[in-house]
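Colleague: If it helps, the file is called target-v9.cif and holds mmCIF, C-alpha atoms and all ligand atoms:
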data_coords
loop_
_atom_site.label_atom_id
_atom_site.label_comp_id
_atom_site.auth_asym_id
_atom_site.auth_seq_id
_atom_site.Cartn_x
_atom_site.Cartn_y
_atom_site.Cartn_z
CA MET I 23 -21.68 -6.84 4.32
CA THR I 24 -24.99 -5.67 2.95
CA PRO I 25 -24.40 -2.89 0.46
CA GLY I 26 -26.35 0.33 0.79
CA SER I 27 -28.75 1.34 -1.92
CA GLY I 28 -26.38 3.57 -3.88
CA VAL I 29 -26.91 7.17 -4.92
CA GLY I 30 -29.00 9.03 -2.43
CA SER I 31 -28.83 6.13 0.03
CA GLY I 32 -27.17 8.34 2.58
CA ASP I 33 -24.17 6.04 2.85
CA THR I 34 -21.51 7.48 5.08
CA VAL I 35 -17.86 6.52 5.16
CA ALA I 36 -18.28 5.18 8.70
CA GLY I 37 -21.37 3.23 7.65
CA LEU I 38 -19.55 1.65 4.72
CA LEU I 39 -16.58 0.69 6.89
CA ALA I 40 -18.97 -0.78 9.47
CA GLU I 41 -20.34 -3.10 6.77
CA ILE I 42 -16.92 -4.72 6.42
CA GLY I 43 -16.06 -4.52 10.11
CA ASP I 44 -16.21 -8.31 10.57
CA ILE I 45 -14.18 -9.25 7.50
CA GLY I 46 -10.65 -10.44 8.17
CA LEU I 47 -10.59 -9.81 11.92
CA ASP I 48 -7.30 -11.09 13.32
CA PRO I 49 -8.02 -13.17 16.44
CA VAL I 50 -4.38 -13.21 17.53
CA ARG I 51 -3.08 -9.70 16.94
CA GLY I 52 -6.39 -7.86 16.88
CA GLY I 53 -7.16 -5.56 13.96
CA TYR I 54 -7.38 -7.00 10.46
CA SER I 55 -5.37 -9.49 8.43
CA ARG I 56 -6.57 -9.25 4.85
CA PRO I 57 -3.78 -10.58 2.61
CA VAL I 58 -4.29 -10.34 -1.13
CA LEU I 59 -6.40 -13.14 -2.59
CA SER I 60 -7.35 -14.43 0.87
CA THR I 61 -11.02 -15.13 1.56
CA ALA I 62 -11.17 -11.84 3.46
CA GLU I 63 -9.71 -9.77 0.64
CA LEU I 64 -11.88 -11.48 -1.95
CA ASP I 65 -14.96 -10.79 0.21
CA LEU I 66 -13.94 -7.13 0.34
CA ARG I 67 -13.68 -7.05 -3.44
CA GLU I 68 -17.19 -8.49 -3.69
CA TRP I 69 -18.42 -5.85 -1.27
CA PHE I 70 -16.86 -3.11 -3.39
CA LEU I 71 -18.23 -4.53 -6.65
CA ALA I 72 -21.71 -4.78 -5.12
CA HIS I 73 -21.56 -1.12 -4.09
CA ALA I 74 -20.28 -0.08 -7.50
CA GLY I 75 -23.09 -2.04 -9.16
CA LYS I 76 -25.75 -0.47 -6.95
CA ARG I 77 -24.48 2.93 -8.02
CA GLY I 78 -24.81 2.01 -11.67
CA LEU I 79 -21.06 2.11 -12.21
CA ASP I 80 -19.61 -0.20 -14.90
CA VAL I 81 -17.29 -2.62 -13.19
CA GLU I 82 -14.27 -4.22 -14.73
CA THR I 83 -11.33 -6.29 -13.44
CA ASP I 84 -8.27 -5.57 -15.54
CA ARG I 85 -5.48 -7.97 -16.49
CA ASN I 86 -3.56 -7.15 -13.29
CA GLY I 87 -6.51 -7.68 -10.97
CA VAL I 88 -7.19 -3.98 -10.50
CA LEU I 89 -10.92 -3.39 -9.97
CA TRP I 90 -12.40 -0.43 -11.82
CA ALA I 91 -15.83 1.14 -11.35
CA TRP I 92 -16.66 3.59 -14.14
CA HIS I 93 -19.00 6.49 -14.73
CA ALA I 94 -18.38 7.47 -18.34
CA PRO I 95 -21.22 9.71 -19.55
CA SER I 96 -19.74 10.29 -23.01
CA GLY I 97 -18.77 6.64 -23.50
CA SER I 98 -15.09 7.54 -23.65
CA ARG I 99 -12.77 6.58 -20.82
CA ASP I 100 -9.89 8.74 -22.06
CA GLY I 101 -8.61 11.43 -19.72
CA ALA I 102 -10.53 9.91 -16.81
CA VAL I 103 -10.42 11.37 -13.33
CA VAL I 104 -9.61 8.40 -11.10
CA THR I 105 -9.57 7.89 -7.36
CA GLY I 106 -9.15 4.75 -5.27
CA SER I 107 -6.91 2.82 -2.95
CA HIS I 108 -6.58 -0.81 -1.75
CA LEU I 109 -8.42 -3.38 0.36
CA ASP I 110 -5.58 -5.71 1.41
CA SER I 111 -3.90 -5.14 4.77
CA VAL I 112 -0.72 -5.84 6.68
CA PRO I 113 -1.02 -8.60 9.32
CA GLY I 114 -2.96 -7.18 12.25
CA GLY I 115 -3.49 -3.84 10.53
CA GLY I 116 -6.02 -1.10 11.17
CA ALA I 117 -9.47 -0.67 9.67
CA TYR I 118 -8.60 2.42 7.63
CA ASP I 119 -5.35 1.83 5.71
CA GLY I 120 -6.77 1.29 2.22
CA PRO I 121 -10.52 0.81 2.91
CA LEU I 122 -10.88 4.46 3.98
CA GLY I 123 -9.85 5.54 0.47
CA VAL I 124 -12.25 3.07 -1.16
CA ALA I 125 -15.23 3.93 1.07
CA SER I 126 -14.51 7.66 0.68
CA ALA I 127 -14.41 7.23 -3.09
CA LEU I 128 -17.89 5.66 -3.06
CA VAL I 129 -19.26 8.48 -0.90
CA ALA I 130 -17.52 11.12 -3.03
CA PHE I 131 -19.09 9.60 -6.16
CA ASP I 132 -22.51 9.77 -4.45
CA ARG I 133 -21.94 13.46 -3.80
CA LEU I 134 -20.86 14.11 -7.38
CA ALA I 135 -23.99 12.30 -8.62
CA ALA I 136 -26.22 14.22 -6.21
CA ARG I 137 -24.70 17.50 -7.46
CA GLY I 138 -25.19 16.50 -11.08
CA VAL I 139 -21.46 16.73 -11.83
CA GLY I 140 -20.60 15.22 -15.18
CA GLY I 141 -22.78 16.08 -18.16
CA ALA I 142 -22.66 14.25 -21.48
CA ASP I 143 -19.33 15.78 -22.48
CA ALA I 144 -17.64 15.51 -19.06
CA PRO I 145 -14.59 13.28 -18.63
CA ALA I 146 -15.15 9.82 -17.25
CA ARG I 147 -14.56 9.14 -13.59
CA ALA I 148 -13.56 5.86 -12.00
CA ILE I 149 -12.71 4.21 -8.72
CA ALA I 150 -9.72 1.87 -8.87
CA VAL I 151 -8.90 -0.76 -6.23
CA PHE I 152 -5.34 -2.09 -6.39
CA PRO I 153 -4.30 -5.60 -5.27
CA GLU I 154 -1.38 -6.37 -2.90
CA GLU I 155 -0.62 -2.74 -2.01
CA GLU I 156 0.96 -3.84 1.25
CA GLY I 157 3.05 -6.64 -0.20
CA SER I 158 2.21 -8.50 2.99
CA ARG I 159 1.60 -11.81 1.22
CA PHE I 160 4.03 -11.84 -1.73
CA GLY I 161 6.65 -9.40 -0.44
CA VAL I 162 6.55 -6.65 -3.09
CA ALA I 163 4.43 -3.64 -2.17
CA CYS I 164 2.09 -2.08 -4.73
CA LEU I 165 2.27 -5.21 -6.86
CA GLY I 166 -0.85 -4.41 -8.92
CA SER I 167 0.18 -0.86 -9.78
CA ARG I 168 3.79 -1.94 -10.39
CA LEU I 169 2.61 -4.57 -12.85
CA MET I 170 0.32 -2.07 -14.56
CA ALA I 171 3.15 0.45 -14.83
CA GLY I 172 5.73 -2.10 -15.96
CA ALA I 173 7.78 -1.50 -12.81
CA ILE I 174 8.07 -5.26 -12.25
CA THR I 175 8.20 -7.96 -14.89
CA PRO I 176 5.36 -10.50 -15.05
CA GLU I 177 7.92 -13.30 -14.70
CA ARG I 178 9.24 -11.95 -11.43
CA ALA I 179 5.77 -11.11 -10.05
CA LEU I 180 4.29 -14.50 -10.91
CA GLY I 181 7.22 -16.31 -9.29
CA LEU I 182 6.92 -14.46 -5.95
CA ARG I 183 6.08 -16.86 -3.12
CA ASP I 184 4.08 -16.39 0.05
CA ALA I 185 5.10 -17.83 3.42
CA ASP I 186 3.55 -21.19 2.47
CA GLY I 187 5.47 -21.38 -0.80
CA THR I 188 2.45 -20.61 -3.00
CA THR I 189 3.42 -18.53 -6.03
CA TYR I 190 1.50 -15.46 -7.08
CA ALA I 191 0.71 -17.32 -10.31
CA ASP I 192 -0.84 -20.22 -8.37
CA ALA I 193 -2.78 -17.87 -6.09
CA LEU I 194 -4.16 -16.03 -9.13
CA ARG I 195 -5.16 -19.32 -10.75
CA ALA I 196 -6.85 -20.50 -7.55
CA SER I 197 -8.90 -17.30 -7.50
CA GLY I 198 -10.03 -17.85 -11.08
CA ALA I 199 -7.74 -15.24 -12.65
CA ASP I 200 -5.44 -15.99 -15.58
CA PRO I 201 -1.81 -15.27 -14.67
CA ARG I 202 -0.81 -15.19 -18.34
CA HIS I 203 -2.50 -11.79 -18.65
CA VAL I 204 -0.55 -9.84 -16.02
CA GLY I 205 1.93 -7.21 -17.16
CA VAL I 206 2.33 -3.63 -18.27
CA ASP I 207 -1.04 -2.16 -19.24
CA ARG I 208 -0.50 1.00 -21.24
CA ASP I 209 -4.18 1.22 -22.11
CA ALA I 210 -5.21 1.28 -18.45
CA LEU I 211 -2.52 3.83 -17.61
CA GLY I 212 -3.13 5.89 -20.71
CA ARG I 213 -6.77 6.54 -19.94
CA ILE I 214 -6.02 8.09 -16.52
CA GLY I 215 -6.05 11.88 -16.81
CA ALA I 216 -5.47 12.44 -13.09
CA PHE I 217 -5.33 10.19 -10.02
CA VAL I 218 -6.18 11.27 -6.47
CA GLU I 219 -5.78 8.74 -3.64
CA LEU I 220 -7.32 9.47 -0.25
CA HIS I 221 -5.66 7.70 2.68
CA VAL I 222 -5.74 7.74 6.44
CA GLU I 223 -2.74 9.64 7.73
CA GLN I 224 -0.19 7.25 9.18
CA GLY I 225 1.46 9.71 11.52
CA ARG I 226 0.61 12.73 13.66
CA GLY I 227 0.95 15.61 11.19
CA LEU I 228 -2.74 16.55 11.14
CA VAL I 229 -3.17 15.97 14.86
CA ASP I 230 -0.40 18.44 15.54
CA LEU I 231 -1.84 20.95 13.06
CA ASP I 232 -5.41 20.44 14.36
CA GLN I 233 -6.78 19.91 10.83
CA PRO I 234 -8.95 17.08 9.47
CA VAL I 235 -7.56 16.80 5.93
CA ALA I 236 -4.19 17.39 4.25
CA ILE I 237 -2.87 17.41 0.69
CA GLY I 238 0.13 15.13 0.06
CA SER I 239 3.44 16.56 -1.07
CA SER I 240 5.78 13.56 -1.24
CA ILE I 241 6.46 9.95 -0.30
CA LEU I 242 9.67 9.01 1.43
CA GLY I 243 11.90 6.72 -0.66
CA HIS I 244 11.75 3.19 0.68
CA GLY I 245 12.65 -0.38 -0.03
CA ARG I 246 12.71 -3.92 1.23
CA TRP I 247 15.65 -6.27 1.44
CA ARG I 248 15.91 -9.91 2.52
CA VAL I 249 18.88 -11.05 4.56
CA SER I 250 19.45 -14.80 4.69
CA ILE I 251 21.94 -15.96 7.31
CA ALA I 252 23.03 -19.56 6.88
CA GLY I 253 24.57 -21.58 9.72
CA VAL I 254 24.54 -25.17 10.84
CA GLY I 255 21.39 -26.71 12.28
CA ASN I 256 21.96 -28.94 15.28
CA HIS I 257 20.66 -30.21 18.62
CA ALA I 258 20.01 -27.67 21.39
CA GLY I 259 21.11 -30.09 24.12
CA THR I 260 24.08 -31.89 22.65
CA THR I 261 25.86 -29.06 20.83
CA LEU I 262 28.33 -27.25 23.10
CA MET I 263 28.17 -23.47 22.96
CA ALA I 264 31.68 -23.35 21.54
CA ASP I 265 30.75 -25.68 18.70
CA ARG I 266 27.77 -23.77 17.35
CA ARG I 267 27.33 -21.89 14.11
CA ASP I 268 24.00 -20.36 15.06
CA PRO I 269 22.43 -17.95 12.54
CA MET I 270 19.91 -16.77 15.15
CA VAL I 271 22.70 -15.18 17.16
CA ALA I 272 24.02 -13.44 14.04
CA ALA I 273 20.48 -12.27 13.25
CA ALA I 274 20.10 -10.83 16.76
CA GLN I 275 23.39 -8.94 16.35
CA LEU I 276 22.21 -7.67 12.98
CA VAL I 277 18.90 -6.37 14.36
CA LEU I 278 20.85 -4.30 16.89
CA ALA I 279 23.24 -3.10 14.19
CA VAL I 280 20.32 -1.95 12.02
CA GLN I 281 19.04 0.19 14.87
CA ARG I 282 22.49 1.62 15.61
CA LEU I 283 23.27 2.40 11.95
CA ALA I 284 19.89 4.01 11.25
CA ARG I 285 20.04 6.15 14.38
CA ALA I 286 23.30 7.63 13.09
CA VAL I 287 21.62 8.89 9.88
CA PRO I 288 19.29 11.87 10.41
CA ASP I 289 15.79 11.21 9.02
CA ALA I 290 16.48 7.52 8.32
CA ARG I 291 14.05 4.79 9.35
CA ALA I 292 15.09 1.14 9.34
CA THR I 293 13.02 -1.77 10.57
CA VAL I 294 13.34 -5.51 10.91
CA GLY I 295 9.69 -6.48 11.20
CA ARG I 296 9.91 -10.12 10.22
CA LEU I 297 12.41 -12.79 11.13
CA VAL I 298 11.92 -16.46 10.24
CA PRO I 299 14.15 -19.23 11.61
CA VAL I 300 14.37 -22.36 9.50
CA PRO I 301 13.14 -24.84 10.57
CA GLY I 302 12.06 -23.03 13.75
CA GLY I 303 11.99 -25.40 16.74
CA THR I 304 12.52 -24.65 20.42
CA ASN I 305 15.13 -27.38 20.78
CA VAL I 306 16.68 -26.87 17.34
CA ILE I 307 19.60 -24.62 16.49
CA ALA I 308 18.35 -23.01 13.27
CA SER I 309 20.14 -23.83 10.06
CA ARG I 310 19.08 -20.55 8.49
CA VAL I 311 17.40 -17.33 9.51
CA ASP I 312 15.69 -15.04 7.01
CA LEU I 313 14.94 -11.52 8.05
CA TRP I 314 13.43 -8.65 6.17
CA LEU I 315 14.69 -5.12 6.30
CA ASP I 316 12.64 -1.99 5.49
CA VAL I 317 14.74 1.17 5.02
CA ARG I 318 13.44 4.68 4.25
CA HIS I 319 15.01 8.11 3.77
CA PRO I 320 14.13 11.22 1.74
CA ASP I 321 17.44 10.96 -0.14
CA ASP I 322 17.60 7.76 -2.21
CA ALA I 323 21.42 7.60 -2.22
CA THR I 324 21.35 7.79 1.57
CA THR I 325 18.82 4.92 1.71
CA LEU I 326 21.01 2.76 -0.50
CA GLY I 327 24.14 3.78 1.41
CA LEU I 328 22.53 2.72 4.67
CA VAL I 329 21.60 -0.63 3.14
CA GLU I 330 25.25 -1.13 2.14
CA GLN I 331 26.25 -0.51 5.75
CA VAL I 332 23.71 -3.12 6.83
CA ARG I 333 25.18 -5.53 4.28
CA HIS I 334 28.63 -5.12 5.87
CA ALA I 335 27.14 -5.50 9.35
CA ALA I 336 25.38 -8.71 8.24
CA ASP I 337 28.61 -10.12 6.84
CA ALA I 338 30.47 -9.25 10.05
CA ALA I 339 27.79 -10.66 12.37
CA ALA I 340 27.56 -13.84 10.31
CA ALA I 341 31.34 -14.30 10.22
CA GLU I 342 31.56 -13.88 13.98
CA GLN I 343 29.17 -16.84 14.38
CA GLY I 344 30.76 -18.99 11.68
CA CYS I 345 27.81 -18.30 9.36
CA THR I 346 27.36 -16.60 5.98
CA ALA I 347 24.95 -13.80 5.03
CA ALA I 348 23.34 -12.78 1.74
CA LEU I 349 21.39 -9.54 1.34
CA THR I 350 19.10 -9.13 -1.68
CA GLU I 351 16.80 -6.31 -2.74
CA GLU I 352 13.11 -7.24 -3.01
CA SER I 353 11.81 -3.82 -3.98
CA PHE I 354 12.87 -0.19 -4.05
CA SER I 355 10.73 2.90 -4.54
CA ALA I 356 12.51 6.20 -5.03
CA THR I 357 11.30 9.30 -3.19
CA VAL I 358 8.22 10.69 -4.95
CA ASP I 359 7.23 14.33 -5.21
CA PHE I 360 3.61 14.55 -6.30
CA ASP I 361 2.65 16.61 -9.32
CA ALA I 362 3.22 20.23 -8.28
CA ALA I 363 0.58 21.72 -10.58
CA LEU I 364 -2.09 19.30 -9.40
CA ARG I 365 -1.11 19.85 -5.78
CA ASP I 366 -1.43 23.61 -6.25
CA GLU I 367 -4.82 23.19 -7.92
CA LEU I 368 -5.98 21.16 -4.92
CA ARG I 369 -4.68 23.87 -2.60
CA GLY I 370 -7.03 26.24 -4.38
CA VAL I 371 -9.93 23.81 -3.84
CA LEU I 372 -9.01 23.05 -0.20
CA PRO I 373 -7.42 26.26 1.08
CA GLU I 374 -7.51 25.16 4.74
CA ALA I 375 -5.70 21.90 4.10
CA PRO I 376 -2.02 21.80 5.02
CA VAL I 377 0.45 20.13 2.66
CA LEU I 378 2.14 17.12 4.26
CA ALA I 379 4.73 14.54 3.30
CA THR I 380 4.28 10.88 4.19
CA GLY I 381 6.67 8.14 5.21
CA ALA I 382 4.31 5.42 3.92
CA GLY I 383 4.20 3.94 0.43
CA HIS I 384 1.13 4.10 -1.83
CA ASP I 385 -0.02 3.05 -5.30
CA ALA I 386 -0.23 6.78 -6.02
CA GLY I 387 3.57 6.82 -5.74
CA VAL I 388 3.89 4.22 -8.49
CA LEU I 389 1.34 5.93 -10.75
CA LYS I 390 3.05 9.29 -10.27
CA GLU I 391 5.72 8.27 -12.80
CA HIS I 392 3.04 8.08 -15.49
CA VAL I 393 0.09 10.34 -14.67
CA PRO I 394 -0.56 13.53 -12.67
CA THR I 395 -1.13 12.20 -9.18
CA ALA I 396 -2.12 13.68 -5.84
CA MET I 397 -3.04 12.43 -2.38
CA LEU I 398 -5.33 13.52 0.43
CA PHE I 399 -4.78 12.45 4.03
CA VAL I 400 -7.38 12.19 6.79
CA ARG I 401 -6.46 12.85 10.42
CA ASN I 402 -5.62 9.80 12.52
CA PRO I 403 -5.94 10.79 16.20
CA SER I 404 -3.82 7.87 17.38
CA GLY I 405 -0.99 8.68 14.95
CA VAL I 406 -0.58 4.88 14.76
CA SER I 407 -0.84 2.77 11.62
CA HIS I 408 -0.14 -0.85 10.60
CA ALA I 409 -1.65 -1.67 13.99
CA PRO I 410 -5.20 -2.00 15.33
CA GLU I 411 -5.02 1.42 17.04
CA GLU I 412 -5.13 3.22 13.67
CA HIS I 413 -8.24 5.41 13.70
CA ALA I 414 -10.23 8.15 12.01
CA GLU I 415 -13.15 9.94 13.65
CA ASP I 416 -16.42 9.67 11.71
CA ALA I 417 -16.60 13.46 11.23
CA ASP I 418 -13.05 13.55 9.83
CA ALA I 419 -13.84 10.67 7.50
CA GLU I 420 -16.84 12.63 6.17
CA ALA I 421 -14.67 15.73 5.82
CA GLY I 422 -12.22 13.61 3.85
CA ALA I 423 -14.94 12.32 1.52
CA GLU I 424 -16.16 15.88 1.00
CA ALA I 425 -12.62 17.07 0.26
CA LEU I 426 -12.24 14.22 -2.22
CA ALA I 427 -15.58 15.09 -3.85
CA ALA I 428 -14.50 18.73 -4.16
CA ALA I 429 -11.15 17.73 -5.66
CA LEU I 430 -12.79 15.37 -8.16
CA GLU I 431 -15.46 17.94 -9.06
CA HIS I 432 -12.74 20.48 -9.75
CA LEU I 433 -10.89 18.04 -12.01
CA LEU I 434 -14.05 16.92 -13.79
CA THR I 435 -15.27 20.43 -14.53
CA ARG I 436 -12.08 22.35 -15.24
CA ARG I 437 -12.41 21.85 -18.98
CA THR I 438 -15.85 23.45 -19.02
CA ARG I 439 -14.42 26.27 -16.93
CA GLY I 440 -11.69 26.71 -19.55
CA LEU I 441 -8.84 25.59 -17.23
C1 LIG C 1 2.74 0.69 3.16
O1 LIG C 1 1.85 1.15 3.85
C2 LIG C 1 4.11 0.97 3.50
O2 LIG C 1 4.48 2.15 3.60
O3 LIG C 1 4.87 0.03 3.71
MN MN C 2 -2.29 1.98 2.37
MN MN C 3 -0.14 0.28 4.74
#
Using structure tokens, write down the structure from this file.

Modeller:
Amino acid sequence: MTPGSGVGSGDTVAGLLAEIGDIGLDPVRGGYSRPVLSTAELDLREWFLAHAGKRGLDVETDRNGVLWAWHAPSGSRDGAVVTGSHLDSVPGGGAYDGPLGVASALVAFDRLAARGVGGADAPARAIAVFPEEEGSRFGVACLGSRLMAGAITPERALGLRDADGTTYADALRASGADPRHVGVDRDALGRIGAFVELHVEQGRGLVDLDQPVAIGSSILGHGRWRVSIAGVGNHAGTTLMADRRDPMVAAAQLVLAVQRLARAVPDARATVGRLVPVPGGTNVIASRVDLWLDVRHPDDATTLGLVEQVRHAADAAAAEQGCTAALTEESFSATVDFDAALRDELRGVLPEAPVLATGAGHDAGVLKEHVPTAMLFVRNPSGVSHAPEEHAEDADAEAGAEALAAALEHLLTRRTRGL
């Protein structure tokens, strides 16, 4: 993880990603496991801060743990043009989800510097790196941007627990951060004039269109719910089949019901990606099973309606096994349409780029409620994401960084062009 030498160093996106290629490798799944505030994620933050420093950017960690790297020629950070993404990953994720946006931002800033973009009266520009975008450790996606935007209370965020029972507050303290400072940050939000997040595409849209880069139009509404099914723990050998109240059987029925219900709703996606038996022993009938449900649909009422159907299915499956079920919402993000004016401006800058929707969540979706926000996507030839097979060709990654540089240059210079 040796940083390059900054402006004019010839850093490429692929070269930057190669520097962090050993950080957070997952020996079991393959790919990367870089949960927020893990050693891996903290090493990635250091790598980013080192690169920002080498480029002469002013670095800052805000009260919500968002890293900022600033180029502010006039001294003012108001109306800043901001890009960025995240460095945490899902368990066993790909190399590009998040880091591609951060590495591309560094390369785009190099290009802006090389082109002399940003005279004394130009708006500031910054790269922002958001913590816990995936929610893979504490359960709520986009935790840093939600805190910044006031979309989650500090009390709730600090009380979130990881799989080991560690609270977000304790994890922050252990990393040297002060949890008392987290919460809505109107100053940080208020200084963003426009936000553009570049991300690897997480589907096959660009492959099918044979294009390297797209402009984002919208994010599918999505949310996460926890279902806890409580039964009676007992001995696997001495408990007759007729005497059992086994929550694992109810959970299995529920997983099948989720698939059946979602398949009946056009455009719906519903996933049970995590299921935890308590206590979890081969010769132990579980006393409780927790499972997590991810539901997405372009129409928010349809998403919530589908979740209600799952709630009924959970109650029915639990009752059939002599168990009880409780379904609770952990997070919900309404469908987002990105800023139409900004999107159209970017279409002018990148006339070849198609406009694509995404089914994946992003910090840009949270910020969109507060600032003009846009996204760029880079072709992923595998069409796979949240898995080690996620990929971007080096040439496409460079095309993405160039598209980002062009978009940022447009936004940084439109005032001088009278736009
Ligand atoms: C994040 O990538 C999500 O869509 O869950
Ligand atoms: Mn991402
Ligand atoms: Mn992701």

Colleague: Write as an MDAnalysis selection string the residues around ligand MN 2 (chain C), taking 10 Å as the cut-off and counting only C-alpha atoms and all ligand atoms.

Modeller: chainID I and resid 107:112 118:123 154:156 163:164 219:224 382:386 407:408

Colleague: Using Å and a single decimal, report how far atom CA of I:Arg318 sits from atom CA of I:Ala292.

Modeller: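 Between atom CA of I:Ala292 and atom CA of I:Arg318 the gap is 6.4 Å.
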
Colleague: For I:Asp230, list every protein, DNA or RNA residue within 10 Å, evaluated using all atoms listed in the file, and leave out those in the same chain fewer than 3 positions away; present the list as an NGL selection string.

Modeller: :I and (225-227 or 233 or 401 or 403 or 405)

Colleague: Tell me, counting only C-alpha atoms, for each residue of stretch 118-177 of chain I within 6 Å of stretch 84-98 of chain I, which pair of atoms is nearest and how far apart they are in Å to one decimal, in rows ordered by chain and increasing number, as JSON lines.

Modeller:
{"residue": "I:Ala142", "atom": "CA", "partner": "I:Pro95", "partner_atom": "CA", "distance": 5.1}
{"residue": "I:Asp143", "atom": "CA", "partner": "I:Ser96", "partner_atom": "CA", "distance": 5.5}
{"residue": "I:Ala146", "atom": "CA", "partner": "I:Ala94", "partner_atom": "CA", "distance": 4.1}
{"residue": "I:Arg147", "atom": "CA", "partner": "I:His93", "partner_atom": "CA", "distance": 5.3}
{"residue": "I:Ala148", "atom": "CA", "partner": "I:Trp92", "partner_atom": "CA", "distance": 4.4}
{"residue": "I:Ile149", "atom": "CA", "partner": "I:Ala91", "partner_atom": "CA", "distance": 5.1}
{"residue": "I:Ala150", "atom": "CA", "partner": "I:Trp90", "partner_atom": "CA", "distance": 4.6}
{"residue": "I:Val151", "atom": "CA", "partner": "I:Leu89", "partner_atom": "CA", "distance": 5.0}
{"residue": "I:Phe152", "atom": "CA", "partner": "I:Val88", "partner_atom": "CA", "distance": 4.9}
{"residue": "I:Gly166", "atom": "CA", "partner": "I:Asn86", "partner_atom": "CA", "distance": 5.8}

Colleague: Quick one: axis-aligned box around all listed atoms of ligand LIG 1 (chain C), 6 Å on every side, centre and edge lengths in Å to one decimal, written as JSON.

Modeller:
{"center_x": 3.4, "center_y": 1.1, "center_z": 3.5, "size_x": 15.0, "size_y": 14.1, "size_z": 12.7}

Colleague: In Å, rounded to a single decimal, give me how far atom CA of I:Arg183 is from atom CA of I:Ser250.

Modeller: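 So the answer is 15.6 Å.
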
Colleague: Which residue is closest to ligand MN 3 (chain C)? Choose from I:Phe131, I:Tyr190, I:Tyr54, I:Phe70 and count all atoms listed in the file.

Modeller: I:Tyr54

Colleague: Rank nothing, just name the residue among I:His257, I:Arg77, I:Arg51, I:Arg159 nearest to I:Glu411, using all atoms listed in the file.

Modeller: I:Arg51
